[in-house]
$ cat data_21.csv   # CSV, C-alpha atoms
chain,number,residue,atom,x,y,z
A,177,MET,CA,124.1,137.3,88.1
A,178,SER,CA,124.5,135.0,91.0
A,179,THR,CA,122.5,137.2,93.3
A,180,ALA,CA,119.6,137.2,90.9
A,181,ALA,CA,119.7,133.4,90.6
A,182,THR,CA,119.8,133.1,94.3
A,183,THR,CA,116.8,135.4,94.7
A,184,ASP,CA,114.8,133.4,92.0
A,185,ARG,CA,115.5,130.2,94.0
A,186,ARG,CA,114.4,131.7,97.3
A,187,ARG,CA,111.0,132.9,95.9
A,188,PRO,CA,109.5,129.4,95.6
A,189,ARG,CA,110.8,128.4,99.0
A,190,LEU,CA,109.4,131.6,100.6
A,191,GLY,CA,106.0,130.9,99.0
A,192,TRP,CA,105.9,127.3,100.3
A,193,ASN,CA,107.0,128.6,103.7
A,194,LEU,CA,104.0,131.0,103.7
A,195,VAL,CA,101.7,128.2,102.7
A,196,GLY,CA,103.0,126.0,105.5
A,197,LEU,CA,102.6,128.8,108.0
A,198,LEU,CA,99.0,129.3,106.9
A,199,VAL,CA,98.2,125.6,107.3
A,200,PHE,CA,99.8,125.7,110.7
A,201,LEU,CA,97.7,128.6,111.8
A,202,ILE,CA,94.5,127.1,110.5
A,203,ALA,CA,95.3,123.7,112.1
A,204,GLY,CA,96.5,125.2,115.4
A,205,PHE,CA,93.7,127.7,115.9
A,206,PRO,CA,91.2,125.2,117.5
A,207,LEU,CA,93.9,124.2,120.0
A,208,TYR,CA,94.6,127.9,120.8
A,209,TRP,CA,90.9,128.6,121.2
A,210,MET,CA,90.6,125.6,123.6
A,211,LEU,CA,93.4,126.9,125.8
A,212,ASN,CA,92.1,130.5,125.6
A,213,THR,CA,88.7,129.4,126.7
A,214,ALA,CA,90.0,127.1,129.4
A,215,PHE,CA,91.9,129.9,131.2
A,216,LYS,CA,89.4,132.7,130.7
A,217,PRO,CA,86.6,133.5,133.2
A,218,ALA,CA,83.4,131.5,132.6
A,219,LYS,CA,81.3,134.6,131.8
A,220,ASP,CA,83.7,135.6,129.0
A,221,ALA,CA,83.5,132.1,127.4
A,222,ILE,CA,79.8,132.7,126.6
A,223,ASP,CA,80.3,136.3,125.5
A,224,PRO,CA,78.5,136.8,122.2
A,225,ASP,CA,81.3,139.1,121.1
A,226,PRO,CA,84.4,137.0,122.0
A,227,SER,CA,87.9,138.3,122.0
A,228,LEU,CA,90.7,136.5,120.2
A,229,LEU,CA,93.2,137.6,122.9
A,230,PRO,CA,92.9,136.4,126.5
A,231,THR,CA,90.7,138.7,128.6
A,232,GLY,CA,91.8,137.3,131.9
A,233,ILE,CA,93.5,134.2,133.4
A,234,THR,CA,91.8,132.0,136.0
A,235,LEU,CA,92.3,128.4,137.2
A,236,SER,CA,88.7,128.1,138.5
A,237,ASN,CA,87.6,126.3,135.3
A,238,PHE,CA,90.0,123.5,136.1
A,239,SER,CA,88.8,123.2,139.6
A,240,ARG,CA,85.2,123.1,138.3
A,241,ALA,CA,86.1,120.4,135.8
A,242,LEU,CA,87.6,118.2,138.5
A,243,HIS,CA,84.6,118.5,140.7
A,244,VAL,CA,81.7,118.3,138.2
A,245,ALA,CA,82.2,114.6,138.0
A,246,ASP,CA,84.8,111.9,138.6
A,247,PHE,CA,87.8,112.8,136.4
A,248,TRP,CA,90.5,110.4,137.3
A,249,GLY,CA,88.3,107.3,136.9
A,250,PRO,CA,87.5,108.0,133.3
A,251,VAL,CA,91.1,109.0,132.5
A,252,GLY,CA,92.4,105.9,134.1
A,253,ARG,CA,90.0,103.7,132.1
A,254,SER,CA,91.0,105.5,128.9
A,255,LEU,CA,94.7,104.9,129.6
A,256,ILE,CA,94.0,101.2,130.3
A,257,VAL,CA,92.0,100.8,127.1
A,258,SER,CA,94.4,102.8,124.9
A,259,LEU,CA,97.6,101.2,126.2
A,260,THR,CA,96.2,97.7,126.0
A,261,VAL,CA,95.0,98.3,122.4
A,262,VAL,CA,98.4,99.6,121.4
A,263,LEU,CA,100.2,96.7,123.0
A,264,ILE,CA,98.1,94.0,121.4
A,265,GLY,CA,97.9,95.9,118.2
A,266,ILE,CA,101.7,96.2,117.8
A,267,VAL,CA,102.4,92.6,118.7
A,268,VAL,CA,99.7,91.1,116.5
A,269,GLY,CA,100.1,93.7,113.8
A,270,THR,CA,103.9,93.2,113.5
A,271,LEU,CA,103.6,89.5,113.2
A,272,ALA,CA,100.8,89.8,110.6
A,273,ALA,CA,102.7,92.5,108.6
A,274,LEU,CA,105.8,90.3,108.7
A,275,ALA,CA,103.8,87.3,107.3
A,276,ILE,CA,102.2,89.4,104.6
A,277,SER,CA,105.5,91.0,103.6
A,278,ARG,CA,107.9,88.1,103.8
A,279,PHE,CA,105.9,84.9,103.1
A,280,ALA,CA,104.1,83.9,99.9
A,281,PHE,CA,101.0,81.9,100.9
A,282,ARG,CA,97.7,81.1,99.3
A,283,GLY,CA,95.2,83.9,99.8
A,284,ARG,CA,97.8,86.6,100.5
A,285,LYS,CA,96.3,89.1,98.1
A,286,ILE,CA,92.8,88.4,99.5
A,287,VAL,CA,94.1,89.2,103.0
A,288,ILE,CA,95.7,92.5,101.8
A,289,VAL,CA,92.5,93.5,100.0
A,290,GLY,CA,90.5,92.5,103.1
A,291,ILE,CA,92.6,94.8,105.3
A,292,LEU,CA,91.9,97.7,103.0
A,293,ALA,CA,88.2,96.9,102.7
A,294,VAL,CA,87.8,96.8,106.5
A,295,GLN,CA,89.3,100.3,106.8
A,296,MET,CA,86.7,101.6,104.3
A,297,VAL,CA,83.7,100.5,106.3
A,298,PRO,CA,82.2,103.4,108.3
A,299,LEU,CA,82.4,102.9,112.0
A,300,VAL,CA,78.8,103.9,112.4
A,301,ALA,CA,77.6,101.0,110.2
A,302,MET,CA,79.1,98.5,112.6
A,303,ILE,CA,77.6,99.8,115.9
A,304,ILE,CA,74.5,97.4,115.9
A,305,PRO,CA,76.4,94.2,114.9
A,306,ILE,CA,79.2,94.9,117.4
A,307,PHE,CA,76.6,95.7,120.1
A,308,LEU,CA,74.7,92.4,119.5
A,309,LEU,CA,78.0,90.4,119.3
A,310,LEU,CA,79.4,91.8,122.6
A,311,ASN,CA,76.0,91.4,124.3
A,312,ASP,CA,76.0,87.7,123.3
A,313,LEU,CA,79.6,87.3,124.5
A,314,GLY,CA,78.9,89.0,127.9
A,315,GLN,CA,81.3,91.8,127.0
A,316,TYR,CA,78.8,94.7,127.0
A,317,ASP,CA,79.7,97.5,129.5
A,318,ARG,CA,83.2,96.0,130.0
A,319,LEU,CA,86.5,97.5,129.1
A,320,SER,CA,87.6,94.2,127.6
A,321,GLY,CA,84.7,94.5,125.1
A,322,LEU,CA,85.7,98.0,124.2
A,323,ILE,CA,89.3,96.9,123.7
A,324,ILE,CA,88.2,94.1,121.3
A,325,THR,CA,86.0,96.7,119.5
A,326,TYR,CA,88.9,99.2,119.1
A,327,LEU,CA,91.2,96.4,117.8
A,328,THR,CA,88.8,95.8,114.9
A,329,PHE,CA,89.7,99.2,113.3
A,330,ILE,CA,93.2,99.8,114.8
A,331,LEU,CA,94.6,96.4,113.9
A,332,PRO,CA,94.1,96.8,110.1
A,333,PHE,CA,95.7,100.3,110.2
A,334,THR,CA,98.6,98.9,112.2
A,335,VAL,CA,99.1,95.9,109.8
A,336,TRP,CA,98.9,98.0,106.7
A,337,THR,CA,101.3,100.7,108.0
A,338,LEU,CA,103.9,98.2,109.4
A,339,ARG,CA,103.8,96.3,106.1
A,340,GLY,CA,105.0,99.4,104.3
A,341,PHE,CA,108.0,99.7,106.7
A,342,ILE,CA,108.9,96.0,106.5
A,343,VAL,CA,108.7,96.0,102.7
A,344,ASN,CA,111.3,98.8,102.6
A,345,ILE,CA,113.8,96.7,104.7
A,346,PRO,CA,115.9,94.6,102.2
A,347,LYS,CA,115.4,90.8,102.5
A,348,GLU,CA,119.2,90.5,101.9
A,349,LEU,CA,119.8,91.7,105.5
A,350,GLU,CA,117.9,88.8,106.9
A,351,GLU,CA,119.4,86.3,104.5
A,352,ALA,CA,122.9,87.5,105.5
A,353,ALA,CA,122.1,87.1,109.2
A,354,MET,CA,120.7,83.5,108.6
A,355,VAL,CA,123.9,82.7,106.6
A,356,ASP,CA,125.9,83.7,109.6
A,357,GLY,CA,124.0,81.3,111.8
A,358,CYS,CA,120.8,83.1,112.9
A,359,SER,CA,117.4,81.5,112.8
A,360,ARG,CA,114.6,83.3,111.0
A,361,THR,CA,113.4,84.5,114.4
A,362,GLY,CA,116.8,85.6,115.4
A,363,ALA,CA,117.4,87.4,112.1
A,364,PHE,CA,114.1,89.3,112.7
A,365,ILE,CA,115.0,90.3,116.3
A,366,ARG,CA,118.6,91.2,115.6
A,367,VAL,CA,118.2,92.8,112.1
A,368,VAL,CA,114.7,93.7,111.2
A,369,PHE,CA,113.3,94.8,114.6
A,370,PRO,CA,115.9,97.6,115.2
A,371,LEU,CA,115.2,99.0,111.7
A,372,LEU,CA,111.4,98.6,112.3
A,373,ALA,CA,111.4,100.3,115.7
A,374,PRO,CA,110.8,103.9,114.5
A,375,GLY,CA,107.9,102.7,112.4
A,376,MET,CA,106.4,100.8,115.4
A,377,VAL,CA,106.7,103.9,117.5
A,378,ALA,CA,105.0,106.1,114.9
A,379,THR,CA,102.2,103.5,114.4
A,380,SER,CA,101.8,103.1,118.2
A,381,VAL,CA,101.3,106.9,118.7
A,382,TYR,CA,98.6,107.0,116.0
A,383,GLY,CA,96.9,104.0,117.4
A,384,PHE,CA,97.0,105.5,120.9
A,385,ILE,CA,95.5,108.7,119.7
A,386,GLN,CA,92.7,106.9,117.9
A,387,ALA,CA,91.8,104.8,120.9
A,388,TRP,CA,92.1,107.8,123.3
A,389,ASN,CA,89.9,110.1,121.3
A,390,GLU,CA,87.3,107.6,120.2
A,391,TYR,CA,83.8,108.7,121.4
A,392,LEU,CA,81.0,106.9,119.6
A,393,TYR,CA,81.7,103.3,120.7
A,394,ALA,CA,82.7,104.3,124.2
A,395,LEU,CA,79.3,106.1,124.5
A,396,MET,CA,77.3,103.2,123.1
A,397,LEU,CA,79.1,100.2,124.7
A,398,LEU,CA,79.7,101.5,128.3
A,399,SER,CA,77.5,102.7,131.1
A,400,GLN,CA,78.1,105.9,133.0
A,401,LYS,CA,80.0,104.1,135.8
A,402,ASN,CA,82.5,102.8,133.2
A,403,GLN,CA,82.7,105.8,130.9
A,404,THR,CA,86.0,106.9,129.4
A,405,ALA,CA,87.5,110.4,129.3
A,406,THR,CA,85.9,111.4,126.0
A,407,VAL,CA,82.4,110.5,127.3
A,408,TRP,CA,83.2,112.2,130.6
A,409,LEU,CA,83.2,115.5,128.7
A,410,GLY,CA,79.5,115.2,128.1
A,411,ASN,CA,78.9,115.9,131.8
A,412,PHE,CA,79.3,119.6,131.1
A,413,THR,CA,76.2,119.6,128.9
A,414,THR,CA,73.0,119.6,131.0
A,415,LYS,CA,69.4,120.7,130.6
A,416,HIS,CA,70.5,124.1,131.9
A,417,GLY,CA,73.0,124.6,129.2
A,418,THR,CA,76.7,123.9,128.5
A,419,GLU,CA,79.6,125.0,130.7
A,420,TYR,CA,82.0,125.8,127.9
A,421,ALA,CA,84.9,127.1,130.0
A,422,PRO,CA,85.1,124.0,132.3
A,423,MET,CA,84.6,121.8,129.3
A,424,MET,CA,87.6,123.3,127.6
A,425,ALA,CA,89.5,123.0,130.8
A,426,GLY,CA,88.6,119.3,130.9
A,427,ALA,CA,89.6,118.9,127.2
A,428,THR,CA,93.0,120.5,128.0
A,429,MET,CA,93.6,118.1,130.8
A,430,MET,CA,92.7,115.2,128.5
A,431,ALA,CA,95.2,116.4,126.0
A,432,VAL,CA,98.1,116.2,128.5
A,433,PRO,CA,98.8,112.5,128.1
A,434,ILE,CA,98.9,112.9,124.3
A,435,VAL,CA,101.4,115.8,124.6
A,436,VAL,CA,103.6,113.9,127.1
A,437,LEU,CA,103.6,110.8,124.9
A,438,PHE,CA,104.5,112.8,121.9
A,439,LEU,CA,107.3,114.6,123.7
A,440,PHE,CA,108.9,111.3,124.7
A,441,VAL,CA,108.7,109.7,121.3
A,442,GLN,CA,108.9,112.7,118.9
A,443,ARG,CA,112.4,111.7,117.6
A,444,LYS,CA,111.5,108.1,116.9
A,445,MET,CA,108.2,109.2,115.4
A,446,ALA,CA,109.8,111.6,113.0
A,447,ALA,CA,112.4,109.0,112.0
A,448,GLY,CA,109.6,106.5,111.4
A,449,LEU,CA,107.5,108.8,109.3
A,450,THR,CA,110.5,109.6,107.1
A,451,ALA,CA,111.7,106.0,106.9
A,452,GLY,CA,108.4,104.9,105.6
A,453,ALA,CA,108.8,107.0,102.5
A,454,VAL,CA,112.3,105.8,101.6
A,455,LYS,CA,112.7,102.7,99.4
A,456,GLY,CA,115.3,100.4,100.8
$ encode --input "data_21.csv" --output "structure tokens"
Amino acid sequence: MSTAATTDRRRPRLGWNLVGLLVFLIAGFPLYWMLNTAFKPAKDAIDPDPSLLPTGITLSNFSRALHVADFWGPVGRSLIVSLTVVLIGIVVGTLAALAISRFAFRGRKIVIVGILAVQMVPLVAMIIPIFLLLNDLGQYDRLSGLIITYLTFILPFTVWTLRGFIVNIPKELEEAAMVDGCSRTGAFIRVVFPLLAPGMVATSVYGFIQAWNEYLYALMLLSQKNQTATVWLGNFTTKHGTEYAPMMAGATMMAVPIVVLFLFVQRKMAAGLTAGAVKG
């Protein structure tokens, strides 16, 4: 009887595991194909009858990717832009999320609705206004102008996400700290900030990925001499065709900073994602 009951309980779990495995395979196949193409000979990358399994391994595509155009310059600019956006976004976003979550002020609901509304506006619809604004401010073709542009859509996401984490931290913890002699700022630094740290890490990673992978604004607002890593990949497409194998090698090298960042913060990120779903 107990064996049959155990079997019945395992069947739904097995089904969900199979669904999860299927989702993983579908989501991971583009990454596998990128790596497979990056390491295969260039002639095999344009084979009309491609093989799912590697047909050969070569590093010549990476050498070609490094020499087709300047690689380290665009990567360095992308790192500067992404890290600056994350730093400013986390500082400003945390303060804004704290104000929205902890203080009752006139227009609070309007601010919250405005944050949601900004995230619903398609990025394509803002290209011309942003271009004209940056041109008037003398920020066209400058990394500072691109940073300001990225903040317009990363800040709302950061504020809204961190607000969810702060709301789940009981106010009583801050009040207890202030009763013990802490100021409001001290209570935030000593009590709220340690509990908010996993959420800040998770939000920072998503913000970094958004800024690192953004292509449209980087293409429209920067010239070739100031191009970022995503725009740099366009150098593999010429009037003679597209070099798919070197392009995939370049995309693989571009993915390295994301992978390294994720390996460093994966524990904090997992804790942040789960903490955001728990009501304090």
$ closest_residue --input "data_21.csv" --among "A:Ala373, A:Leu322, A:Met354, A:Leu327" --to "Leu263 in chain A" --atoms "all atoms listed in the file"
A:Leu327
$ closest_residue --input "data_21.csv" --among "A:Leu207, A:Leu331, A:Thr260, A:Leu255" --to "Leu292 in chain A" --atoms "all atoms listed in the file"
A:Leu331
$ closest_residue --input "data_21.csv" --among "A:Ile266, A:Asn344, A:Ala218, A:Met396" --to "Met302 in chain A" --atoms "all atoms listed in the file"
A:Met396
$ closest_residue --input "data_21.csv" --among "A:Arg278, A:Arg240, A:Lys347, A:Lys285" --to "Asn411 in chain A" --atoms "only C-alpha atoms"
A:Arg240
$ closest_residue --input "data_21.csv" --among "A:Val297, A:Ile324, A:Ile264, A:Ala378" --to "Leu310 in chain A" --atoms "all atoms listed in the file"
A:Ile324
$ atom_distance --input "data_21.csv" --atom1 "CA of Gly232 in chain A" --atom2 "CA of Tyr420 in chain A"
15.6 Å
$ residues_around --input "data_21.csv" --residues "Gly410 in chain A" --least-positions-apart "4" --cutoff "9 Å" --atoms "all atoms listed in the file" --output "VMD selection string"
chain A and resid 406 414 423
$ write_last_selection --input "data_21.csv" --atoms "C-alpha atoms" --output "short mmCIF file (atom, residue, chain, number, x, y, z; two decimals), in the frame of the given file"
data_model
loop_
_atom_site.label_atom_id
_atom_site.label_comp_id
_atom_site.auth_asym_id
_atom_site.auth_seq_id
_atom_site.Cartn_x
_atom_site.Cartn_y
_atom_site.Cartn_z
CA THR A 406 85.90 111.40 126.00
CA THR A 414 73.00 119.60 131.00
CA MET A 423 84.60 121.80 129.30
#
$ atom_distance --input "data_21.csv" --atom1 "CA of Gly383 in chain A" --atom2 "CA of Ile276 in chain A"
20.1 Å
$ residues_around --input "data_21.csv" --residues "Thr213 in chain A" --least-positions-apart "2" --cutoff "12 Å" --atoms "all atoms listed in the file" --output "VMD selection string"
chain A and resid 206 to 211 215 to 223 226 to 238 419 to 428
$ closest_residue --input "data_21.csv" --among "A:Phe341, A:Trp408, A:Phe329, A:Phe200" --to "Arg253 in chain A" --atoms "only C-alpha atoms"
A:Trp408
$ residues_around --input "data_21.csv" --residues "Ser399 in chain A" --least-positions-apart "6" --cutoff "10 Å" --atoms "all atoms listed in the file" --output "PyMOL selection string"
chain A and resi 316-318+407
$ residues_near_point --input "data_21.csv" --point "(78.4, 104.7, 122.1)" --cutoff "10 Å" --atoms "only C-alpha atoms" --output "PyMOL selection string"
chain A and resi 300+303+307+390-399+403+407
